[in-house]
$ cat run.cif   # mmCIF, N, CA and C atoms
data_my_file
loop_
_atom_site.label_atom_id
_atom_site.label_comp_id
_atom_site.auth_asym_id
_atom_site.auth_seq_id
_atom_site.Cartn_x
_atom_site.Cartn_y
_atom_site.Cartn_z
N MET A 1366 16.95 9.81 -15.12
CA MET A 1366 15.76 9.07 -14.77
C MET A 1366 14.69 9.37 -15.81
N ASP A 1367 14.03 8.34 -16.32
CA ASP A 1367 13.01 8.58 -17.33
C ASP A 1367 11.70 9.04 -16.68
N GLN A 1368 10.79 9.52 -17.47
CA GLN A 1368 9.54 10.11 -16.97
C GLN A 1368 8.66 9.09 -16.25
N ASN A 1369 8.64 7.84 -16.72
CA ASN A 1369 7.83 6.82 -16.06
C ASN A 1369 8.33 6.55 -14.65
N GLN A 1370 9.64 6.47 -14.50
CA GLN A 1370 10.22 6.23 -13.18
C GLN A 1370 9.95 7.41 -12.26
N LYS A 1371 10.10 8.61 -12.78
CA LYS A 1371 9.85 9.81 -11.98
C LYS A 1371 8.39 9.87 -11.54
N ALA A 1372 7.47 9.58 -12.46
CA ALA A 1372 6.04 9.59 -12.14
C ALA A 1372 5.71 8.54 -11.08
N PHE A 1373 6.31 7.37 -11.20
CA PHE A 1373 6.09 6.31 -10.21
C PHE A 1373 6.52 6.77 -8.82
N ARG A 1374 7.70 7.34 -8.72
CA ARG A 1374 8.22 7.79 -7.42
C ARG A 1374 7.33 8.86 -6.80
N ILE A 1375 6.84 9.77 -7.62
CA ILE A 1375 5.96 10.83 -7.12
C ILE A 1375 4.66 10.23 -6.61
N LYS A 1376 4.08 9.31 -7.39
CA LYS A 1376 2.82 8.67 -6.98
C LYS A 1376 3.01 7.87 -5.69
N LEU A 1377 4.12 7.17 -5.57
CA LEU A 1377 4.38 6.40 -4.36
C LEU A 1377 4.49 7.32 -3.15
N GLY A 1378 5.20 8.41 -3.30
CA GLY A 1378 5.33 9.37 -2.20
C GLY A 1378 3.99 9.94 -1.78
N ARG A 1379 3.15 10.27 -2.75
CA ARG A 1379 1.81 10.78 -2.44
C ARG A 1379 0.97 9.73 -1.72
N ARG A 1380 1.11 8.49 -2.17
CA ARG A 1380 0.32 7.41 -1.57
C ARG A 1380 0.76 7.16 -0.13
N ILE A 1381 2.05 7.17 0.12
CA ILE A 1381 2.54 7.01 1.50
C ILE A 1381 2.00 8.14 2.36
N GLU A 1382 2.09 9.35 1.87
CA GLU A 1382 1.58 10.50 2.63
C GLU A 1382 0.08 10.39 2.86
N GLN A 1383 -0.66 9.98 1.85
CA GLN A 1383 -2.11 9.87 1.96
C GLN A 1383 -2.50 8.88 3.06
N ILE A 1384 -1.90 7.71 3.03
CA ILE A 1384 -2.23 6.70 4.04
C ILE A 1384 -1.78 7.18 5.42
N ARG A 1385 -0.60 7.76 5.49
CA ARG A 1385 -0.08 8.25 6.78
C ARG A 1385 -1.00 9.29 7.39
N THR A 1386 -1.47 10.24 6.57
CA THR A 1386 -2.33 11.29 7.11
C THR A 1386 -3.73 10.77 7.45
N GLU A 1387 -4.22 9.81 6.66
CA GLU A 1387 -5.51 9.20 6.99
C GLU A 1387 -5.47 8.52 8.35
N LYS A 1388 -4.33 7.97 8.70
CA LYS A 1388 -4.16 7.28 9.97
C LYS A 1388 -3.69 8.22 11.07
N LYS A 1389 -3.59 9.51 10.73
CA LYS A 1389 -3.20 10.55 11.68
C LYS A 1389 -1.83 10.27 12.32
N ILE A 1390 -0.90 9.88 11.47
CA ILE A 1390 0.47 9.62 11.91
C ILE A 1390 1.37 10.71 11.32
N GLU A 1391 2.16 11.34 12.16
CA GLU A 1391 3.10 12.36 11.71
C GLU A 1391 4.31 11.70 11.06
N GLN A 1392 5.02 12.46 10.23
CA GLN A 1392 6.22 11.93 9.58
C GLN A 1392 7.22 11.40 10.61
N GLY A 1393 7.42 12.17 11.65
CA GLY A 1393 8.37 11.76 12.69
C GLY A 1393 7.95 10.47 13.38
N GLU A 1394 6.65 10.30 13.60
CA GLU A 1394 6.16 9.07 14.22
C GLU A 1394 6.42 7.87 13.32
N LEU A 1395 6.08 8.01 12.04
CA LEU A 1395 6.30 6.92 11.10
C LEU A 1395 7.79 6.59 11.02
N ALA A 1396 8.61 7.61 10.98
CA ALA A 1396 10.05 7.40 10.92
C ALA A 1396 10.55 6.61 12.13
N SER A 1397 10.09 6.98 13.31
CA SER A 1397 10.55 6.28 14.51
C SER A 1397 10.06 4.84 14.54
N MET A 1398 8.90 4.57 13.93
CA MET A 1398 8.37 3.21 13.88
C MET A 1398 9.28 2.27 13.08
N ILE A 1399 10.04 2.85 12.15
CA ILE A 1399 10.95 2.02 11.34
C ILE A 1399 12.42 2.37 11.61
N ASN A 1400 12.64 3.02 12.76
CA ASN A 1400 14.00 3.36 13.21
C ASN A 1400 14.75 4.25 12.23
N LYS A 1401 14.06 5.25 11.71
CA LYS A 1401 14.66 6.23 10.81
C LYS A 1401 14.34 7.62 11.35
N ASP A 1402 14.80 8.68 10.67
CA ASP A 1402 14.46 10.03 11.09
C ASP A 1402 13.40 10.62 10.16
N LYS A 1403 12.85 11.75 10.58
CA LYS A 1403 11.77 12.40 9.84
C LYS A 1403 12.18 12.73 8.40
N GLN A 1404 13.41 13.16 8.20
CA GLN A 1404 13.89 13.51 6.87
C GLN A 1404 13.86 12.31 5.93
N PHE A 1405 14.02 11.12 6.48
CA PHE A 1405 13.97 9.89 5.70
C PHE A 1405 12.59 9.75 5.05
N ILE A 1406 11.54 9.92 5.83
CA ILE A 1406 10.16 9.83 5.31
C ILE A 1406 9.89 10.99 4.36
N ASN A 1407 10.36 12.16 4.72
CA ASN A 1407 10.16 13.34 3.88
C ASN A 1407 10.76 13.13 2.49
N ARG A 1408 11.90 12.49 2.41
CA ARG A 1408 12.52 12.23 1.10
C ARG A 1408 11.62 11.37 0.22
N TYR A 1409 10.94 10.42 0.81
CA TYR A 1409 10.02 9.58 0.02
C TYR A 1409 8.78 10.36 -0.39
N GLU A 1410 8.20 11.07 0.56
CA GLU A 1410 6.94 11.77 0.29
C GLU A 1410 7.12 13.00 -0.60
N ARG A 1411 8.17 13.74 -0.41
CA ARG A 1411 8.32 15.03 -1.10
C ARG A 1411 9.32 15.02 -2.25
N GLN A 1412 10.36 14.20 -2.13
CA GLN A 1412 11.43 14.24 -3.11
C GLN A 1412 11.44 13.05 -4.05
N GLY A 1413 10.52 12.11 -3.83
CA GLY A 1413 10.43 10.97 -4.73
C GLY A 1413 11.58 10.00 -4.63
N ALA A 1414 12.09 9.80 -3.40
CA ALA A 1414 13.14 8.80 -3.22
C ALA A 1414 12.58 7.42 -3.57
N ASN A 1415 13.43 6.52 -3.96
CA ASN A 1415 13.02 5.19 -4.40
C ASN A 1415 13.36 4.17 -3.31
N PRO A 1416 12.35 3.72 -2.54
CA PRO A 1416 12.65 2.81 -1.44
C PRO A 1416 13.00 1.40 -1.93
N THR A 1417 13.80 0.74 -1.14
CA THR A 1417 14.05 -0.68 -1.42
C THR A 1417 12.78 -1.45 -1.06
N ALA A 1418 12.70 -2.69 -1.51
CA ALA A 1418 11.55 -3.53 -1.18
C ALA A 1418 11.43 -3.69 0.34
N PHE A 1419 12.56 -3.82 1.03
CA PHE A 1419 12.54 -3.97 2.48
C PHE A 1419 11.96 -2.74 3.16
N ILE A 1420 12.38 -1.56 2.74
CA ILE A 1420 11.85 -0.31 3.32
C ILE A 1420 10.36 -0.18 3.02
N LEU A 1421 9.96 -0.52 1.81
CA LEU A 1421 8.54 -0.46 1.43
C LEU A 1421 7.71 -1.34 2.36
N ILE A 1422 8.18 -2.53 2.64
CA ILE A 1422 7.48 -3.44 3.55
C ILE A 1422 7.46 -2.87 4.97
N GLN A 1423 8.56 -2.30 5.40
CA GLN A 1423 8.60 -1.67 6.74
C GLN A 1423 7.58 -0.54 6.85
N ILE A 1424 7.53 0.31 5.84
CA ILE A 1424 6.58 1.42 5.85
C ILE A 1424 5.15 0.89 5.86
N ALA A 1425 4.87 -0.09 5.02
CA ALA A 1425 3.53 -0.68 4.96
C ALA A 1425 3.14 -1.26 6.31
N ASP A 1426 4.03 -2.03 6.92
CA ASP A 1426 3.75 -2.63 8.23
C ASP A 1426 3.48 -1.56 9.28
N ALA A 1427 4.30 -0.52 9.29
CA ALA A 1427 4.14 0.56 10.26
C ALA A 1427 2.81 1.28 10.08
N LEU A 1428 2.35 1.36 8.83
CA LEU A 1428 1.08 2.02 8.55
C LEU A 1428 -0.11 1.07 8.67
N GLY A 1429 0.16 -0.19 8.97
CA GLY A 1429 -0.92 -1.17 9.11
C GLY A 1429 -1.59 -1.50 7.80
N THR A 1430 -0.81 -1.53 6.74
CA THR A 1430 -1.33 -1.82 5.41
C THR A 1430 -0.38 -2.79 4.71
N THR A 1431 -0.57 -2.94 3.43
CA THR A 1431 0.30 -3.84 2.66
C THR A 1431 1.09 -3.05 1.62
N ALA A 1432 2.13 -3.68 1.12
CA ALA A 1432 2.90 -3.05 0.05
C ALA A 1432 2.01 -2.88 -1.18
N ASN A 1433 1.14 -3.84 -1.43
CA ASN A 1433 0.21 -3.72 -2.56
C ASN A 1433 -0.66 -2.48 -2.43
N ASP A 1434 -1.12 -2.19 -1.21
CA ASP A 1434 -1.95 -1.00 -1.01
C ASP A 1434 -1.13 0.27 -1.23
N LEU A 1435 0.12 0.26 -0.82
CA LEU A 1435 0.98 1.43 -1.08
C LEU A 1435 1.17 1.66 -2.58
N LEU A 1436 1.16 0.57 -3.33
CA LEU A 1436 1.37 0.66 -4.78
C LEU A 1436 0.08 0.80 -5.57
N ASP A 1437 -1.04 0.90 -4.88
CA ASP A 1437 -2.34 1.08 -5.54
C ASP A 1437 -2.59 2.57 -5.73
N PHE A 1438 -2.25 3.05 -6.90
CA PHE A 1438 -2.34 4.48 -7.18
C PHE A 1438 -3.73 4.91 -7.64
N THR A 1439 -4.71 4.02 -7.62
CA THR A 1439 -6.08 4.40 -8.00
C THR A 1439 -6.69 5.33 -6.96
N HIS A 1440 -6.10 5.36 -5.77
CA HIS A 1440 -6.59 6.24 -4.71
C HIS A 1440 -5.84 7.56 -4.69
N ASP A 1441 -4.95 7.76 -5.64
CA ASP A 1441 -4.10 8.95 -5.68
C ASP A 1441 -4.96 10.21 -5.76
N LYS A 1442 -4.59 11.19 -4.96
CA LYS A 1442 -5.31 12.47 -4.95
C LYS A 1442 -5.09 13.21 -6.24
#

$ encode --input "run.cif" --output "structure tokens"
Amino acid sequence: MDQNQKAFRIKLGRRIEQIRTEKKIEQGELASMINKDKQFINRYERQGANPTAFILIQIADALGTTANDLLDFTHDK
């Protein structure tokens, strides 16, 4: 995996976590909202897993946001 791809995955995971925590949703809660387990969300947030477009939309919907907002890294911590 090249550095750009790795950086993207890390930023996406941070952004998912940021929005999730702002909305006071636990990993397990978010996972159950999309019929997955907590480890599934943890892989995205901590390990930089690369979600499919469908999963990205599911996560965005569950968080009450858009895929575009998830991909807006200007809010990155």

$ resolve_selection --input "run.cif" --expression "the PyMOL selection byres ((chain A and resi 1372-1385) around 8)" --output "number ranges by chain"
A: 1366-1371, 1386-1392, 1395, 1408-1416, 1424, 1428, 1434-1438, 1440-1442

$ axis_aligned_box --input "run.cif" --around "region 1410-1422 of chain A" --padding-each-side "5 Å" --output "JSON"
{"center_x": 10.5, "center_y": 5.5, "center_z": 0.1, "size_x": 17.1, "size_y": 29.0, "size_z": 19.7}

$ atom_distance --input "run.cif" --atom1 "CA of Asn1400 (chain A)" --atom2 "CA of Thr1439 (chain A)"
29.2 Å

$ atom_distance --input "run.cif" --atom1 "atom N of Phe1419 (chain A)" --atom2 "CA of Glu1394 (chain A)"
19.5 Å

$ residues_around --input "run.cif" --residues "Thr1431 (chain A)" --least-positions-apart "6" --cutoff "7 Å" --atoms "only N, CA and C atoms" --output "compact mmCIF listing (two decimals) with N, CA and C atoms, keeping the file's coordinate frame"
# COMPACT_ATOMS: atom_id res chain seq x y z
N LEU A 1421 9.96 -0.52 1.81
CA LEU A 1421 8.54 -0.46 1.43
C LEU A 1421 7.71 -1.34 2.36
N ILE A 1422 8.18 -2.53 2.64
CA ILE A 1422 7.48 -3.44 3.55
C ILE A 1422 7.46 -2.87 4.97
N ALA A 1425 4.87 -0.09 5.02
CA ALA A 1425 3.53 -0.68 4.96
C ALA A 1425 3.14 -1.26 6.31

$ select_by_dssp --input "run.cif" --residues "chain A" --states "alpha helix (DSSP H)" --output "number ranges by chain"
A: 1368-1387, 1392-1398, 1403-1412, 1418-1427, 1432-1435

$ write_last_selection --input "run.cif" --atoms "N, CA and C atoms" --output "compact mmCIF listing (two decimals), in the coordinates of the input"
# COMPACT_ATOMS: atom_id res chain seq x y z
N GLN A 1368 10.79 9.52 -17.47
CA GLN A 1368 9.54 10.11 -16.97
C GLN A 1368 8.66 9.09 -16.25
N ASN A 1369 8.64 7.84 -16.72
CA ASN A 1369 7.83 6.82 -16.06
C ASN A 1369 8.33 6.55 -14.65
N GLN A 1370 9.64 6.47 -14.50
CA GLN A 1370 10.22 6.23 -13.18
C GLN A 1370 9.95 7.41 -12.26
N LYS A 1371 10.10 8.61 -12.78
CA LYS A 1371 9.85 9.81 -11.98
C LYS A 1371 8.39 9.87 -11.54
N ALA A 1372 7.47 9.58 -12.46
CA ALA A 1372 6.04 9.59 -12.14
C ALA A 1372 5.71 8.54 -11.08
N PHE A 1373 6.31 7.37 -11.20
CA PHE A 1373 6.09 6.31 -10.21
C PHE A 1373 6.52 6.77 -8.82
N ARG A 1374 7.70 7.34 -8.72
CA ARG A 1374 8.22 7.79 -7.42
C ARG A 1374 7.33 8.86 -6.80
N ILE A 1375 6.84 9.77 -7.62
CA ILE A 1375 5.96 10.83 -7.12
C ILE A 1375 4.66 10.23 -6.61
N LYS A 1376 4.08 9.31 -7.39
CA LYS A 1376 2.82 8.67 -6.98
C LYS A 1376 3.01 7.87 -5.69
N LEU A 1377 4.12 7.17 -5.57
CA LEU A 1377 4.38 6.40 -4.36
C LEU A 1377 4.49 7.32 -3.15
N GLY A 1378 5.20 8.41 -3.30
CA GLY A 1378 5.33 9.37 -2.20
C GLY A 1378 3.99 9.94 -1.78
N ARG A 1379 3.15 10.27 -2.75
CA ARG A 1379 1.81 10.78 -2.44
C ARG A 1379 0.97 9.73 -1.72
N ARG A 1380 1.11 8.49 -2.17
CA ARG A 1380 0.32 7.41 -1.57
C ARG A 1380 0.76 7.16 -0.13
N ILE A 1381 2.05 7.17 0.12
CA ILE A 1381 2.54 7.01 1.50
C ILE A 1381 2.00 8.14 2.36
N GLU A 1382 2.09 9.35 1.87
CA GLU A 1382 1.58 10.50 2.63
C GLU A 1382 0.08 10.39 2.86
N GLN A 1383 -0.66 9.98 1.85
CA GLN A 1383 -2.11 9.87 1.96
C GLN A 1383 -2.50 8.88 3.06
N ILE A 1384 -1.90 7.71 3.03
CA ILE A 1384 -2.23 6.70 4.04
C ILE A 1384 -1.78 7.18 5.42
N ARG A 1385 -0.60 7.76 5.49
CA ARG A 1385 -0.08 8.25 6.78
C ARG A 1385 -1.00 9.29 7.39
N THR A 1386 -1.47 10.24 6.57
CA THR A 1386 -2.33 11.29 7.11
C THR A 1386 -3.73 10.77 7.45
N GLU A 1387 -4.22 9.81 6.66
CA GLU A 1387 -5.51 9.20 6.99
C GLU A 1387 -5.47 8.52 8.35
N GLN A 1392 5.02 12.46 10.23
CA GLN A 1392 6.22 11.93 9.58
C GLN A 1392 7.22 11.40 10.61
N GLY A 1393 7.42 12.17 11.65
CA GLY A 1393 8.37 11.76 12.69
C GLY A 1393 7.95 10.47 13.38
N GLU A 1394 6.65 10.30 13.60
CA GLU A 1394 6.16 9.07 14.22
C GLU A 1394 6.42 7.87 13.32
N LEU A 1395 6.08 8.01 12.04
CA LEU A 1395 6.30 6.92 11.10
C LEU A 1395 7.79 6.59 11.02
N ALA A 1396 8.61 7.61 10.98
CA ALA A 1396 10.05 7.40 10.92
C ALA A 1396 10.55 6.61 12.13
N SER A 1397 10.09 6.98 13.31
CA SER A 1397 10.55 6.28 14.51
C SER A 1397 10.06 4.84 14.54
N MET A 1398 8.90 4.57 13.93
CA MET A 1398 8.37 3.21 13.88
C MET A 1398 9.28 2.27 13.08
N LYS A 1403 12.85 11.75 10.58
CA LYS A 1403 11.77 12.40 9.84
C LYS A 1403 12.18 12.73 8.40
N GLN A 1404 13.41 13.16 8.20
CA GLN A 1404 13.89 13.51 6.87
C GLN A 1404 13.86 12.31 5.93
N PHE A 1405 14.02 11.12 6.48
CA PHE A 1405 13.97 9.89 5.70
C PHE A 1405 12.59 9.75 5.05
N ILE A 1406 11.54 9.92 5.83
CA ILE A 1406 10.16 9.83 5.31
C ILE A 1406 9.89 10.99 4.36
N ASN A 1407 10.36 12.16 4.72
CA ASN A 1407 10.16 13.34 3.88
C ASN A 1407 10.76 13.13 2.49
N ARG A 1408 11.90 12.49 2.41
CA ARG A 1408 12.52 12.23 1.10
C ARG A 1408 11.62 11.37 0.22
N TYR A 1409 10.94 10.42 0.81
CA TYR A 1409 10.02 9.58 0.02
C TYR A 1409 8.78 10.36 -0.39
N GLU A 1410 8.20 11.07 0.56
CA GLU A 1410 6.94 11.77 0.29
C GLU A 1410 7.12 13.00 -0.60
N ARG A 1411 8.17 13.74 -0.41
CA ARG A 1411 8.32 15.03 -1.10
C ARG A 1411 9.32 15.02 -2.25
N GLN A 1412 10.36 14.20 -2.13
CA GLN A 1412 11.43 14.24 -3.11
C GLN A 1412 11.44 13.05 -4.05
N ALA A 1418 12.70 -2.69 -1.51
CA ALA A 1418 11.55 -3.53 -1.18
C ALA A 1418 11.43 -3.69 0.34
N PHE A 1419 12.56 -3.82 1.03
CA PHE A 1419 12.54 -3.97 2.48
C PHE A 1419 11.96 -2.74 3.16
N ILE A 1420 12.38 -1.56 2.74
CA ILE A 1420 11.85 -0.31 3.32
C ILE A 1420 10.36 -0.18 3.02
N LEU A 1421 9.96 -0.52 1.81
CA LEU A 1421 8.54 -0.46 1.43
C LEU A 1421 7.71 -1.34 2.36
N ILE A 1422 8.18 -2.53 2.64
CA ILE A 1422 7.48 -3.44 3.55
C ILE A 1422 7.46 -2.87 4.97
N GLN A 1423 8.56 -2.30 5.40
CA GLN A 1423 8.60 -1.67 6.74
C GLN A 1423 7.58 -0.54 6.85
N ILE A 1424 7.53 0.31 5.84
CA ILE A 1424 6.58 1.42 5.85
C ILE A 1424 5.15 0.89 5.86
N ALA A 1425 4.87 -0.09 5.02
CA ALA A 1425 3.53 -0.68 4.96
C ALA A 1425 3.14 -1.26 6.31
N ASP A 1426 4.03 -2.03 6.92
CA ASP A 1426 3.75 -2.63 8.23
C ASP A 1426 3.48 -1.56 9.28
N ALA A 1427 4.30 -0.52 9.29
CA ALA A 1427 4.14 0.56 10.26
C ALA A 1427 2.81 1.28 10.08
N ALA A 1432 2.13 -3.68 1.12
CA ALA A 1432 2.90 -3.05 0.05
C ALA A 1432 2.01 -2.88 -1.18
N ASN A 1433 1.14 -3.84 -1.43
CA ASN A 1433 0.21 -3.72 -2.56
C ASN A 1433 -0.66 -2.48 -2.43
N ASP A 1434 -1.12 -2.19 -1.21
CA ASP A 1434 -1.95 -1.00 -1.01
C ASP A 1434 -1.13 0.27 -1.23
N LEU A 1435 0.12 0.26 -0.82
CA LEU A 1435 0.98 1.43 -1.08
C LEU A 1435 1.17 1.66 -2.58

$ residues_around --input "run.cif" --residues "Gln1423 (chain A)" --least-positions-apart "6" --cutoff "8 Å" --atoms "all atoms listed in the file" --output "VMD selection string"
chain A and resid 1398 to 1399 1417 1429 1432

$ atom_distance --input "run.cif" --atom1 "atom C of Ala1418 (chain A)" --atom2 "CA of Asn1433 (chain A)"
11.6 Å

$ residues_around --input "run.cif" --residues "Lys1403 (chain A)" --least-positions-apart "2" --cutoff "5 Å" --atoms "all atoms listed in the file" --output "VMD selection string"
chain A and resid 1392 to 1393 1401 1405 to 1407

$ decode --input "run.cif" --residues "region 1406-1440 of chain A" --atoms "N, CA and C atoms" --output "JSON list (two decimals), in the first residue's frame"
[["chain", "number", "residue", "atom", "x", "y", "z"],
["A", 1406, "ILE", "N", -16.15, -1.80, 13.36],
["A", 1406, "ILE", "CA", -15.94, -0.34, 13.44],
["A", 1406, "ILE", "C", -14.52, -0.05, 13.91],
["A", 1407, "ASN", "N", -14.04, -0.82, 14.86],
["A", 1407, "ASN", "CA", -12.69, -0.63, 15.36],
["A", 1407, "ASN", "C", -11.65, -0.77, 14.25],
["A", 1408, "ARG", "N", -11.86, -1.71, 13.34],
["A", 1408, "ARG", "CA", -10.93, -1.88, 12.23],
["A", 1408, "ARG", "C", -10.84, -0.63, 11.37],
["A", 1409, "TYR", "N", -11.95, 0.04, 11.17],
["A", 1409, "TYR", "CA", -11.93, 1.28, 10.38],
["A", 1409, "TYR", "C", -11.27, 2.41, 11.15],
["A", 1410, "GLU", "N", -11.64, 2.56, 12.40],
["A", 1410, "GLU", "CA", -11.14, 3.68, 13.19],
["A", 1410, "GLU", "C", -9.67, 3.52, 13.60],
["A", 1411, "ARG", "N", -9.27, 2.34, 13.94],
["A", 1411, "ARG", "CA", -7.93, 2.14, 14.50],
["A", 1411, "ARG", "C", -6.92, 1.51, 13.54],
["A", 1412, "GLN", "N", -7.41, 0.66, 12.65],
["A", 1412, "GLN", "CA", -6.49, -0.10, 11.80],
["A", 1412, "GLN", "C", -6.48, 0.38, 10.35],
["A", 1413, "GLY", "N", -7.32, 1.37, 10.04],
["A", 1413, "GLY", "CA", -7.31, 1.92, 8.70],
["A", 1413, "GLY", "C", -7.86, 1.00, 7.64],
["A", 1414, "ALA", "N", -8.89, 0.22, 8.00],
["A", 1414, "ALA", "CA", -9.53, -0.63, 6.99],
["A", 1414, "ALA", "C", -10.16, 0.26, 5.92],
["A", 1415, "ASN", "N", -10.31, -0.26, 4.74],
["A", 1415, "ASN", "CA", -10.80, 0.50, 3.60],
["A", 1415, "ASN", "C", -12.25, 0.09, 3.31],
["A", 1416, "PRO", "N", -13.24, 0.91, 3.71],
["A", 1416, "PRO", "CA", -14.63, 0.51, 3.51],
["A", 1416, "PRO", "C", -15.05, 0.58, 2.05],
["A", 1417, "THR", "N", -15.99, -0.26, 1.72],
["A", 1417, "THR", "CA", -16.61, -0.14, 0.39],
["A", 1417, "THR", "C", -17.49, 1.11, 0.40],
["A", 1418, "ALA", "N", -17.90, 1.54, -0.78],
["A", 1418, "ALA", "CA", -18.79, 2.70, -0.88],
["A", 1418, "ALA", "C", -20.09, 2.42, -0.13],
["A", 1419, "PHE", "N", -20.60, 1.20, -0.21],
["A", 1419, "PHE", "CA", -21.84, 0.85, 0.48],
["A", 1419, "PHE", "C", -21.69, 0.98, 2.00],
["A", 1420, "ILE", "N", -20.60, 0.47, 2.54],
["A", 1420, "ILE", "CA", -20.35, 0.56, 3.99],
["A", 1420, "ILE", "C", -20.19, 2.03, 4.40],
["A", 1421, "LEU", "N", -19.48, 2.80, 3.59],
["A", 1421, "LEU", "CA", -19.29, 4.23, 3.88],
["A", 1421, "LEU", "C", -20.65, 4.93, 3.98],
["A", 1422, "ILE", "N", -21.55, 4.64, 3.07],
["A", 1422, "ILE", "CA", -22.89, 5.22, 3.09],
["A", 1422, "ILE", "C", -23.66, 4.75, 4.32],
["A", 1423, "GLN", "N", -23.54, 3.49, 4.65],
["A", 1423, "GLN", "CA", -24.21, 2.96, 5.86],
["A", 1423, "GLN", "C", -23.71, 3.67, 7.11],
["A", 1424, "ILE", "N", -22.41, 3.84, 7.23],
["A", 1424, "ILE", "CA", -21.84, 4.51, 8.40],
["A", 1424, "ILE", "C", -22.32, 5.95, 8.44],
["A", 1425, "ALA", "N", -22.28, 6.64, 7.31],
["A", 1425, "ALA", "CA", -22.73, 8.03, 7.26],
["A", 1425, "ALA", "C", -24.19, 8.14, 7.68],
["A", 1426, "ASP", "N", -25.04, 7.29, 7.13],
["A", 1426, "ASP", "CA", -26.47, 7.31, 7.48],
["A", 1426, "ASP", "C", -26.67, 7.07, 8.98],
["A", 1427, "ALA", "N", -25.96, 6.09, 9.52],
["A", 1427, "ALA", "CA", -26.10, 5.77, 10.94],
["A", 1427, "ALA", "C", -25.65, 6.94, 11.82],
["A", 1428, "LEU", "N", -24.67, 7.70, 11.34],
["A", 1428, "LEU", "CA", -24.17, 8.85, 12.09],
["A", 1428, "LEU", "C", -24.97, 10.12, 11.81],
["A", 1429, "GLY", "N", -25.94, 10.02, 10.92],
["A", 1429, "GLY", "CA", -26.76, 11.19, 10.59],
["A", 1429, "GLY", "C", -25.99, 12.24, 9.81],
["A", 1430, "THR", "N", -25.10, 11.80, 8.96],
["A", 1430, "THR", "CA", -24.28, 12.71, 8.17],
["A", 1430, "THR", "C", -24.21, 12.19, 6.73],
["A", 1431, "THR", "N", -23.31, 12.75, 5.97],
["A", 1431, "THR", "CA", -23.17, 12.32, 4.57],
["A", 1431, "THR", "C", -21.79, 11.70, 4.36],
["A", 1432, "ALA", "N", -21.66, 10.98, 3.27],
["A", 1432, "ALA", "CA", -20.36, 10.43, 2.91],
["A", 1432, "ALA", "C", -19.38, 11.56, 2.66],
["A", 1433, "ASN", "N", -19.86, 12.64, 2.05],
["A", 1433, "ASN", "CA", -18.99, 13.80, 1.82],
["A", 1433, "ASN", "C", -18.43, 14.35, 3.12],
["A", 1434, "ASP", "N", -19.26, 14.39, 4.16],
["A", 1434, "ASP", "CA", -18.79, 14.88, 5.45],
["A", 1434, "ASP", "C", -17.75, 13.93, 6.05],
["A", 1435, "LEU", "N", -17.95, 12.64, 5.87],
["A", 1435, "LEU", "CA", -16.96, 11.68, 6.36],
["A", 1435, "LEU", "C", -15.62, 11.86, 5.65],
["A", 1436, "LEU", "N", -15.68, 12.29, 4.40],
["A", 1436, "LEU", "CA", -14.46, 12.46, 3.60],
["A", 1436, "LEU", "C", -13.89, 13.87, 3.68],
["A", 1437, "ASP", "N", -14.49, 14.72, 4.50],
["A", 1437, "ASP", "CA", -13.99, 16.09, 4.68],
["A", 1437, "ASP", "C", -12.96, 16.09, 5.80],
["A", 1438, "PHE", "N", -11.72, 16.00, 5.42],
["A", 1438, "PHE", "CA", -10.64, 15.88, 6.41],
["A", 1438, "PHE", "C", -10.16, 17.23, 6.92],
["A", 1439, "THR", "N", -10.82, 18.33, 6.55],
["A", 1439, "THR", "CA", -10.42, 19.64, 7.07],
["A", 1439, "THR", "C", -10.74, 19.76, 8.56],
["A", 1440, "HIS", "N", -11.60, 18.87, 9.05],
["A", 1440, "HIS", "CA", -11.96, 18.87, 10.47],
["A", 1440, "HIS", "C", -11.09, 17.91, 11.26]]
